[in-house]
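Pasted below: protein-v4.pdb, PDB, C-alpha atoms.
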```
ATOM      1  CA  MET A 228     -18.745   2.930  -2.249  1.00  0.00           C
ATOM      2  CA  SER A 229     -21.309   3.690  -4.955  1.00  0.00           C
ATOM      3  CA  PHE A 230     -20.376   3.754  -8.628  1.00  0.00           C
ATOM      4  CA  ASN A 231     -22.215   5.999 -11.067  1.00  0.00           C
ATOM      5  CA  VAL A 232     -22.307   4.161 -14.373  1.00  0.00           C
ATOM      6  CA  GLU A 233     -24.214   7.008 -15.991  1.00  0.00           C
ATOM      7  CA  GLN A 234     -21.378   9.442 -15.266  1.00  0.00           C
ATOM      8  CA  VAL A 235     -18.902   7.044 -16.835  1.00  0.00           C
ATOM      9  CA  ALA A 236     -21.066   6.713 -19.916  1.00  0.00           C
ATOM     10  CA  ALA A 237     -21.420  10.494 -20.168  1.00  0.00           C
ATOM     11  CA  ALA A 238     -17.636  10.805 -20.413  1.00  0.00           C
ATOM     12  CA  ARG A 239     -17.753   8.632 -23.572  1.00  0.00           C
ATOM     13  CA  PRO A 240     -14.477   6.798 -22.812  1.00  0.00           C
ATOM     14  CA  ASP A 241     -12.645   4.762 -25.443  1.00  0.00           C
ATOM     15  CA  VAL A 242     -11.451   2.369 -22.731  1.00  0.00           C
ATOM     16  CA  ILE A 243     -12.126   1.960 -19.003  1.00  0.00           C
ATOM     17  CA  LEU A 244      -9.174   1.155 -16.726  1.00  0.00           C
ATOM     18  CA  ALA A 245     -10.206  -0.856 -13.665  1.00  0.00           C
ATOM     19  CA  THR A 246      -7.120  -2.798 -12.571  1.00  0.00           C
ATOM     20  CA  ALA A 247      -7.537  -1.483  -9.010  1.00  0.00           C
ATOM     21  CA  ALA A 248     -11.337  -1.202  -8.866  1.00  0.00           C
ATOM     22  CA  PHE A 249     -12.285  -2.797  -5.546  1.00  0.00           C
ATOM     23  CA  THR A 250     -16.027  -2.256  -6.196  1.00  0.00           C
ATOM     24  CA  LEU A 251     -15.943  -4.224  -9.443  1.00  0.00           C
ATOM     25  CA  ASP A 252     -18.145  -7.313  -9.631  1.00  0.00           C
ATOM     26  CA  GLN A 253     -19.529  -9.235 -12.602  1.00  0.00           C
ATOM     27  CA  ALA A 254     -22.688  -7.142 -12.843  1.00  0.00           C
ATOM     28  CA  LEU A 255     -20.776  -3.855 -12.814  1.00  0.00           C
ATOM     29  CA  TYR A 256     -18.213  -5.239 -15.253  1.00  0.00           C
ATOM     30  CA  GLU A 257     -20.984  -6.084 -17.714  1.00  0.00           C
ATOM     31  CA  GLN A 258     -22.532  -2.627 -17.336  1.00  0.00           C
ATOM     32  CA  LEU A 259     -19.197  -0.943 -17.996  1.00  0.00           C
ATOM     33  CA  SER A 260     -18.446  -3.266 -20.904  1.00  0.00           C
ATOM     34  CA  ASP A 261     -21.560  -1.950 -22.617  1.00  0.00           C
ATOM     35  CA  ILE A 262     -19.914   1.493 -22.564  1.00  0.00           C
ATOM     36  CA  ALA A 263     -16.342   0.643 -23.607  1.00  0.00           C
ATOM     37  CA  PRO A 264     -13.742  -2.134 -23.309  1.00  0.00           C
ATOM     38  CA  VAL A 265     -12.780  -2.668 -19.651  1.00  0.00           C
ATOM     39  CA  VAL A 266      -9.220  -3.458 -18.558  1.00  0.00           C
ATOM     40  CA  THR A 267      -9.401  -5.144 -15.173  1.00  0.00           C
ATOM     41  CA  TYR A 268      -7.230  -7.399 -13.028  1.00  0.00           C
ATOM     42  CA  GLU A 269      -6.530 -10.866 -14.396  1.00  0.00           C
ATOM     43  CA  LYS A 270      -7.152 -13.086 -11.368  1.00  0.00           C
ATOM     44  CA  GLN A 271      -8.009 -11.094  -8.270  1.00  0.00           C
ATOM     45  CA  LEU A 272      -7.764  -7.567  -6.908  1.00  0.00           C
ATOM     46  CA  TYR A 273      -4.251  -6.478  -5.863  1.00  0.00           C
ATOM     47  CA  ALA A 274      -2.762  -9.854  -6.787  1.00  0.00           C
ATOM     48  CA  ALA A 275      -0.744  -8.638  -9.785  1.00  0.00           C
ATOM     49  CA  THR A 276       2.536  -6.780  -9.528  1.00  0.00           C
ATOM     50  CA  SER A 277       2.531  -3.120 -10.494  1.00  0.00           C
ATOM     51  CA  GLU A 278       4.653  -4.037 -13.516  1.00  0.00           C
ATOM     52  CA  ASP A 279       2.127  -6.627 -14.687  1.00  0.00           C
ATOM     53  CA  SER A 280      -0.767  -4.198 -14.240  1.00  0.00           C
ATOM     54  CA  THR A 281       1.123  -1.525 -16.169  1.00  0.00           C
ATOM     55  CA  ARG A 282       1.829  -3.869 -19.059  1.00  0.00           C
ATOM     56  CA  ARG A 283      -1.792  -5.028 -19.059  1.00  0.00           C
ATOM     57  CA  VAL A 284      -2.995  -1.440 -19.430  1.00  0.00           C
ATOM     58  CA  ALA A 285      -0.285  -0.695 -22.001  1.00  0.00           C
ATOM     59  CA  ARG A 286      -1.379  -3.582 -24.219  1.00  0.00           C
ATOM     60  CA  ALA A 287      -4.919  -2.240 -24.234  1.00  0.00           C
ATOM     61  CA  LEU A 288      -3.678   1.216 -25.211  1.00  0.00           C
ATOM     62  CA  GLY A 289      -1.011   0.055 -27.649  1.00  0.00           C
ATOM     63  CA  GLU A 290       1.694   1.757 -25.562  1.00  0.00           C
ATOM     64  CA  GLU A 291       4.030  -1.095 -24.643  1.00  0.00           C
ATOM     65  CA  GLU A 292       7.205   0.946 -25.120  1.00  0.00           C
ATOM     66  CA  ALA A 293       5.890   3.747 -22.927  1.00  0.00           C
ATOM     67  CA  ALA A 294       5.067   1.198 -20.232  1.00  0.00           C
ATOM     68  CA  ASP A 295       8.605  -0.176 -20.267  1.00  0.00           C
ATOM     69  CA  ALA A 296       9.954   3.366 -19.866  1.00  0.00           C
ATOM     70  CA  LEU A 297       7.706   4.006 -16.857  1.00  0.00           C
ATOM     71  CA  ILE A 298       8.728   0.712 -15.262  1.00  0.00           C
ATOM     72  CA  ASP A 299      12.404   1.555 -15.777  1.00  0.00           C
ATOM     73  CA  LYS A 300      11.868   4.986 -14.203  1.00  0.00           C
ATOM     74  CA  ALA A 301      10.210   3.449 -11.139  1.00  0.00           C
ATOM     75  CA  ASP A 302      12.964   0.843 -10.793  1.00  0.00           C
ATOM     76  CA  ALA A 303      15.605   3.575 -11.024  1.00  0.00           C
ATOM     77  CA  ALA A 304      13.867   5.625  -8.326  1.00  0.00           C
ATOM     78  CA  ILE A 305      13.819   2.633  -5.975  1.00  0.00           C
ATOM     79  CA  ALA A 306      17.475   1.831  -6.684  1.00  0.00           C
ATOM     80  CA  ALA A 307      18.454   5.454  -6.033  1.00  0.00           C
ATOM     81  CA  LEU A 308      16.597   5.504  -2.712  1.00  0.00           C
ATOM     82  CA  ARG A 309      18.213   2.269  -1.559  1.00  0.00           C
ATOM     83  CA  LYS A 310      21.612   3.730  -2.400  1.00  0.00           C
ATOM     84  CA  GLU A 311      20.761   6.942  -0.543  1.00  0.00           C
ATOM     85  CA  LEU A 312      19.463   5.067   2.521  1.00  0.00           C
ATOM     86  CA  PRO A 313      21.583   1.924   3.012  1.00  0.00           C
ATOM     87  CA  ASN A 314      19.817   1.173   6.307  1.00  0.00           C
ATOM     88  CA  LEU A 315      16.806   0.041   4.295  1.00  0.00           C
ATOM     89  CA  ASP A 316      18.544  -3.214   3.400  1.00  0.00           C
ATOM     90  CA  GLY A 317      17.417  -5.675   6.047  1.00  0.00           C
ATOM     91  CA  GLY A 318      15.613  -2.975   8.008  1.00  0.00           C
ATOM     92  CA  THR A 319      12.248  -3.702   9.590  1.00  0.00           C
ATOM     93  CA  PHE A 320       8.943  -1.910   9.212  1.00  0.00           C
ATOM     94  CA  LEU A 321       5.353  -2.030  10.332  1.00  0.00           C
ATOM     95  CA  TYR A 322       2.559  -0.546   8.257  1.00  0.00           C
ATOM     96  CA  GLY A 323      -0.926  -0.633   9.635  1.00  0.00           C
ATOM     97  CA  GLN A 324      -4.347   0.928   9.758  1.00  0.00           C
ATOM     98  CA  ALA A 325      -5.921   1.549  13.144  1.00  0.00           C
ATOM     99  CA  ARG A 326      -9.506   0.443  13.527  1.00  0.00           C
ATOM    100  CA  ASP A 327     -11.676  -0.067  16.589  1.00  0.00           C
ATOM    101  CA  GLY A 328      -9.184  -1.404  19.129  1.00  0.00           C
ATOM    102  CA  VAL A 329      -7.021  -3.216  16.584  1.00  0.00           C
ATOM    103  CA  VAL A 330      -4.348  -2.414  14.034  1.00  0.00           C
ATOM    104  CA  VAL A 331      -4.540  -4.171  10.670  1.00  0.00           C
ATOM    105  CA  MET A 332      -0.848  -4.780   9.962  1.00  0.00           C
ATOM    106  CA  LEU A 333       0.154  -5.572   6.371  1.00  0.00           C
ATOM    107  CA  VAL A 334       2.907  -8.151   6.650  1.00  0.00           C
ATOM    108  CA  GLU A 335       2.700 -10.809   3.930  1.00  0.00           C
ATOM    109  CA  GLU A 336       4.137 -10.442   0.434  1.00  0.00           C
ATOM    110  CA  ALA A 337       0.776 -11.524  -0.932  1.00  0.00           C
ATOM    111  CA  ASN A 338      -0.251  -7.985  -0.021  1.00  0.00           C
ATOM    112  CA  VAL A 339       0.983  -5.465  -2.592  1.00  0.00           C
ATOM    113  CA  THR A 340       1.830  -2.838   0.036  1.00  0.00           C
ATOM    114  CA  ALA A 341       4.066  -5.245   1.948  1.00  0.00           C
ATOM    115  CA  ARG A 342       5.529  -6.392  -1.367  1.00  0.00           C
ATOM    116  CA  PHE A 343       6.395  -2.791  -2.234  1.00  0.00           C
ATOM    117  CA  MET A 344       8.156  -2.334   1.104  1.00  0.00           C
ATOM    118  CA  HIS A 345      10.095  -5.519   0.417  1.00  0.00           C
ATOM    119  CA  ARG A 346      11.317  -3.984  -2.846  1.00  0.00           C
ATOM    120  CA  LEU A 347      12.841  -1.197  -0.762  1.00  0.00           C
ATOM    121  CA  GLY A 348      14.871  -3.794   1.125  1.00  0.00           C
ATOM    122  CA  LEU A 349      12.621  -3.883   4.176  1.00  0.00           C
ATOM    123  CA  VAL A 350      11.072  -6.836   5.986  1.00  0.00           C
ATOM    124  CA  PRO A 351       8.037  -6.789   8.299  1.00  0.00           C
ATOM    125  CA  LEU A 352       8.962  -6.948  11.978  1.00  0.00           C
ATOM    126  CA  PRO A 353       9.102 -10.710  12.735  1.00  0.00           C
ATOM    127  CA  ALA A 354       7.570 -10.305  16.208  1.00  0.00           C
ATOM    128  CA  VAL A 355       4.368  -9.129  14.528  1.00  0.00           C
ATOM    129  CA  ALA A 356       4.556 -10.965  11.199  1.00  0.00           C
ATOM    130  CA  GLU A 357       4.844 -14.316  12.959  1.00  0.00           C
ATOM    131  CA  LEU A 358       1.847 -13.853  15.251  1.00  0.00           C
ATOM    132  CA  GLY A 359      -0.339 -15.864  12.898  1.00  0.00           C
ATOM    133  CA  GLY A 360      -4.070 -15.653  12.508  1.00  0.00           C
ATOM    134  CA  THR A 361      -6.293 -14.270   9.779  1.00  0.00           C
ATOM    135  CA  GLY A 362      -6.363 -10.533   9.269  1.00  0.00           C
ATOM    136  CA  SER A 363      -9.198  -8.294   8.159  1.00  0.00           C
ATOM    137  CA  VAL A 364      -7.674  -8.049   4.673  1.00  0.00           C
ATOM    138  CA  PRO A 365      -5.540 -10.509   2.670  1.00  0.00           C
ATOM    139  CA  GLY A 366      -1.897 -10.536   3.715  1.00  0.00           C
ATOM    140  CA  ALA A 367      -2.615  -8.848   7.042  1.00  0.00           C
ATOM    141  CA  ILE A 368      -2.599  -9.653  10.741  1.00  0.00           C
ATOM    142  CA  ASP A 369      -4.939  -7.962  13.222  1.00  0.00           C
ATOM    143  CA  VAL A 370      -3.022  -6.794  16.294  1.00  0.00           C
ATOM    144  CA  SER A 371      -4.829  -5.452  19.356  1.00  0.00           C
ATOM    145  CA  PHE A 372      -3.792  -2.182  20.972  1.00  0.00           C
ATOM    146  CA  GLU A 373      -2.901  -4.235  24.062  1.00  0.00           C
ATOM    147  CA  GLN A 374      -0.097  -5.848  22.025  1.00  0.00           C
ATOM    148  CA  ALA A 375       1.501  -2.499  21.155  1.00  0.00           C
ATOM    149  CA  ARG A 376       4.665  -3.451  23.053  1.00  0.00           C
ATOM    150  CA  LEU A 377       5.506  -5.607  20.037  1.00  0.00           C
ATOM    151  CA  PHE A 378       5.835  -2.496  17.869  1.00  0.00           C
ATOM    152  CA  ASP A 379       8.903  -1.103  19.629  1.00  0.00           C
ATOM    153  CA  ASP A 380      11.541  -3.091  17.768  1.00  0.00           C
ATOM    154  CA  ALA A 381      10.366  -1.961  14.321  1.00  0.00           C
ATOM    155  CA  GLY A 382      12.716   0.252  12.361  1.00  0.00           C
ATOM    156  CA  VAL A 383       9.726   2.449  11.576  1.00  0.00           C
ATOM    157  CA  LEU A 384       6.014   2.343  12.349  1.00  0.00           C
ATOM    158  CA  PHE A 385       3.866   3.719   9.533  1.00  0.00           C
ATOM    159  CA  MET A 386       0.195   4.150  10.430  1.00  0.00           C
ATOM    160  CA  THR A 387      -2.831   5.315   8.478  1.00  0.00           C
ATOM    161  CA  TYR A 388      -6.348   6.181   9.597  1.00  0.00           C
ATOM    162  CA  GLN A 389      -9.785   6.464   8.049  1.00  0.00           C
ATOM    163  CA  SER A 390     -10.752   9.270  10.416  1.00  0.00           C
ATOM    164  CA  ASP A 391      -9.300  11.711  12.933  1.00  0.00           C
ATOM    165  CA  ALA A 392     -11.246   9.927  15.662  1.00  0.00           C
ATOM    166  CA  LEU A 393      -9.524   6.615  14.916  1.00  0.00           C
ATOM    167  CA  ARG A 394      -6.131   8.320  14.910  1.00  0.00           C
ATOM    168  CA  LYS A 395      -6.851   9.932  18.272  1.00  0.00           C
ATOM    169  CA  ALA A 396      -8.065   6.638  19.738  1.00  0.00           C
ATOM    170  CA  PHE A 397      -4.811   4.956  18.707  1.00  0.00           C
ATOM    171  CA  GLU A 398      -2.412   7.709  19.742  1.00  0.00           C
ATOM    172  CA  LYS A 399      -4.141   8.345  23.092  1.00  0.00           C
ATOM    173  CA  ASN A 400      -4.459   4.696  24.061  1.00  0.00           C
ATOM    174  CA  PRO A 401      -2.429   4.375  27.284  1.00  0.00           C
ATOM    175  CA  ILE A 402      -0.563   1.251  26.185  1.00  0.00           C
ATOM    176  CA  VAL A 403       0.173   2.566  22.701  1.00  0.00           C
ATOM    177  CA  SER A 404       1.249   6.030  23.848  1.00  0.00           C
ATOM    178  CA  ALA A 405       3.634   4.542  26.419  1.00  0.00           C
ATOM    179  CA  GLN A 406       5.745   2.811  23.773  1.00  0.00           C
ATOM    180  CA  PRO A 407       9.075   4.538  22.976  1.00  0.00           C
ATOM    181  CA  ILE A 408       8.600   4.080  19.223  1.00  0.00           C
ATOM    182  CA  MET A 409       5.672   6.506  19.327  1.00  0.00           C
ATOM    183  CA  LYS A 410       8.085   9.321  20.171  1.00  0.00           C
ATOM    184  CA  SER A 411      10.911   8.344  17.850  1.00  0.00           C
ATOM    185  CA  ARG A 412       9.967   6.273  14.799  1.00  0.00           C
ATOM    186  CA  TYR A 413       6.201   6.624  14.447  1.00  0.00           C
ATOM    187  CA  VAL A 414       5.048   8.154  11.144  1.00  0.00           C
ATOM    188  CA  PRO A 415       1.375   8.923  10.400  1.00  0.00           C
ATOM    189  CA  VAL A 416       0.586   8.442   6.706  1.00  0.00           C
ATOM    190  CA  ASP A 417      -1.960  10.753   5.093  1.00  0.00           C
ATOM    191  CA  LEU A 418      -4.878   9.390   3.103  1.00  0.00           C
ATOM    192  CA  LYS A 419      -3.449  10.371  -0.289  1.00  0.00           C
ATOM    193  CA  THR A 420      -0.199   8.506   0.372  1.00  0.00           C
ATOM    194  CA  ALA A 421      -2.043   5.542   1.889  1.00  0.00           C
ATOM    195  CA  THR A 422      -4.222   5.301  -1.218  1.00  0.00           C
ATOM    196  CA  ALA A 423      -1.133   5.228  -3.445  1.00  0.00           C
ATOM    197  CA  LEU A 424       0.427   2.561  -1.205  1.00  0.00           C
ATOM    198  CA  GLN A 425      -2.682   0.408  -1.427  1.00  0.00           C
ATOM    199  CA  ASP A 426      -1.709  -0.541  -4.980  1.00  0.00           C
ATOM    200  CA  PRO A 427       1.532   1.261  -5.943  1.00  0.00           C
ATOM    201  CA  ASN A 428       1.565   1.849  -9.691  1.00  0.00           C
ATOM    202  CA  VAL A 429       4.766   2.644 -11.522  1.00  0.00           C
ATOM    203  CA  VAL A 430       3.723   6.208 -12.354  1.00  0.00           C
ATOM    204  CA  ALA A 431       3.236   7.011  -8.659  1.00  0.00           C
ATOM    205  CA  VAL A 432       6.414   5.354  -7.366  1.00  0.00           C
ATOM    206  CA  PRO A 433       8.782   8.381  -7.518  1.00  0.00           C
ATOM    207  CA  TRP A 434       6.186  10.575  -5.781  1.00  0.00           C
ATOM    208  CA  LEU A 435       5.396   7.851  -3.254  1.00  0.00           C
ATOM    209  CA  LEU A 436       9.057   7.456  -2.328  1.00  0.00           C
ATOM    210  CA  ASP A 437       9.278  11.196  -1.693  1.00  0.00           C
ATOM    211  CA  GLN A 438       6.337  10.964   0.717  1.00  0.00           C
ATOM    212  CA  LEU A 439       7.834   7.994   2.578  1.00  0.00           C
ATOM    213  CA  ARG A 440      11.443   9.249   2.633  1.00  0.00           C
ATOM    214  CA  PRO A 441      11.220  11.179   5.965  1.00  0.00           C
ATOM    215  CA  GLY A 442       9.975   8.049   7.716  1.00  0.00           C
ATOM    216  CA  LEU A 443      12.400   5.737   5.961  1.00  0.00           C
ATOM    217  CA  LYS A 444      15.293   7.919   7.114  1.00  0.00           C
ATOM    218  CA  LEU A 445      14.415   7.008  10.709  1.00  0.00           C
ATOM    219  CA  ILE A 446      15.268   3.337  10.215  1.00  0.00           C
ATOM    220  CA  PRO A 447      18.450   2.474  12.133  1.00  0.00           C
ATOM    221  CA  ALA A 448      21.176   0.193  10.851  1.00  0.00           C
ATOM    222  CA  SER A 449      20.162  -3.447  11.206  1.00  0.00           C
TER
END
```
Once you've parsed the file, please lay out its structure as C-alpha cells.
Amino acid sequence: MSFNVEQVAAARPDVILATAAFTLDQALYEQLSDIAPVVTYEKQLYAATSEDSTRRVARALGEEEAADALIDKADAAIAALRKELPNLDGGTFLYGQARDGVVVMLVEEANVTARFMHRLGLVPLPAVAELGGTGSVPGAIDVSFEQARLFDDAGVLFMTYQSDALRKAFEKNPIVSAQPIMKSRYVPVDLKTATALQDPNVVAVPWLLDQLRPGLKLIPAS
C-alpha cells in the first residue's frame, strides 16, 4: 500500500494518529514527524490492547476523560451482549481469511482479533488452535483446505476474503463445501467488518458487535 505524504501535509494536521498504521516504518515516521507530531504504537503493530491505544491517543489530544468514557461504553456493550447471548461463555469460534489453498486462522491471544473474541467469552476451537506451526501473520495458524473437517466442531466459522475469487475458491472446494458447518454456522464477514476486527478500537466496538451478532447467535450451548 502506498502512502501519500504530500496529501497528509496538505491537510495541515495538528497531530497524526498512526497506532494501527501497518505501512509505518522509520523513514515514513520521520517524514510524517516533519509535518506534525505522530502518535504511533509503543512496541509493535497490533500488540497493544484497544484500551491502551485509546489512552495513548487521548494523552496526545488532552482528552483522557473522554477516552475513559469511550472505554466504559465499549465495556458496557460487550457486557450487554454476553448477557443477551449466554452461549458465548465457553463457546468456540474460528475466524480466518482464505488465501490460495489455505485459511489463515487467528487463534492466539497475541493477535488482537482473537483477543477481542476472547473478551466475548469465546475460545478458538482447540482442534485447530493446537495444530501448531507458524502462521502467515502473528498469532495465526495456516490450515489447508484439505483439513476443513476440523472446522465442523466450531460454534461458528467466521471467514473473510480479499476478493470474490478467493471466496468462491473456498466455498466451492469439494472438501470445504461438504462440511456440515458450511450450511449451518458459516458466516462470511465483509471487508468493512474485517477491517474493524483487525484492530478493534473502542469507538467501533458497539458497531462491530452489531455486525457480528447474527453469527454469534448461531453458537450452541457449550
What gap, in Å, lies between CA of Arg309 (chain A) and CA of Leu439 (chain A)? 12.6 Å
Once 8 Å is added on each side, what are the centre and the three edge lengths, in Å to one decimal, of the axis-aligned box enclosing the listed atoms of region 312-322 of chain A? Present them as JSON.
```
{"center_x": 12.1, "center_y": -0.3, "center_z": 6.4, "size_x": 35.0, "size_y": 26.7, "size_z": 23.8}
```
Once you count only C-alpha atoms, which residues end up no further than 9 Å from (1.6, 6.6, 0.8) in the file's frame, shown as a VMD selection string? chain A and resid 387 416 to 425 427 434 to 436 438 to 439
Restricted to C-alpha atoms, what would the selected residues look like written as a PDB file, keeping the file's coordinate frame?
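See again15.pdb below for the written result:
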```
ATOM      1  CA  THR A 387      -2.831   5.315   8.478  1.00  0.00           C
ATOM      2  CA  VAL A 416       0.586   8.442   6.706  1.00  0.00           C
ATOM      3  CA  ASP A 417      -1.960  10.753   5.093  1.00  0.00           C
ATOM      4  CA  LEU A 418      -4.878   9.390   3.103  1.00  0.00           C
ATOM      5  CA  LYS A 419      -3.449  10.371  -0.289  1.00  0.00           C
ATOM      6  CA  THR A 420      -0.199   8.506   0.372  1.00  0.00           C
ATOM      7  CA  ALA A 421      -2.043   5.542   1.889  1.00  0.00           C
ATOM      8  CA  THR A 422      -4.222   5.301  -1.218  1.00  0.00           C
ATOM      9  CA  ALA A 423      -1.133   5.228  -3.445  1.00  0.00           C
ATOM     10  CA  LEU A 424       0.427   2.561  -1.205  1.00  0.00           C
ATOM     11  CA  GLN A 425      -2.682   0.408  -1.427  1.00  0.00           C
ATOM     12  CA  PRO A 427       1.532   1.261  -5.943  1.00  0.00           C
ATOM     13  CA  TRP A 434       6.186  10.575  -5.781  1.00  0.00           C
ATOM     14  CA  LEU A 435       5.396   7.851  -3.254  1.00  0.00           C
ATOM     15  CA  LEU A 436       9.057   7.456  -2.328  1.00  0.00           C
ATOM     16  CA  GLN A 438       6.337  10.964   0.717  1.00  0.00           C
ATOM     17  CA  LEU A 439       7.834   7.994   2.578  1.00  0.00           C
TER      18      LEU A 439
END
```
Given the file above and the PyMOL selection byres ((chain A and resi 248) around 10), which residues are selected, and can you give them as a list of chain:residue names?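 Taken on the displayed file, the PyMOL selection byres ((chain A and resi 248) around 10) yields the residues A:Leu244, A:Ala245, A:Thr246, A:Ala247, A:Phe249, A:Thr250, A:Leu251, A:Asp252, A:Thr267, A:Tyr268, A:Leu272, A:Tyr273.
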List the neighbours of Gly382 (chain A) out to 7 Å using only C-alpha atoms; skip same-chain residues closer than 2 positions along the sequence, and give me the result as a list in words.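 Those residues are Gly318, Thr319, Phe320, Asp380, Ile446 and Pro447 of chain A.
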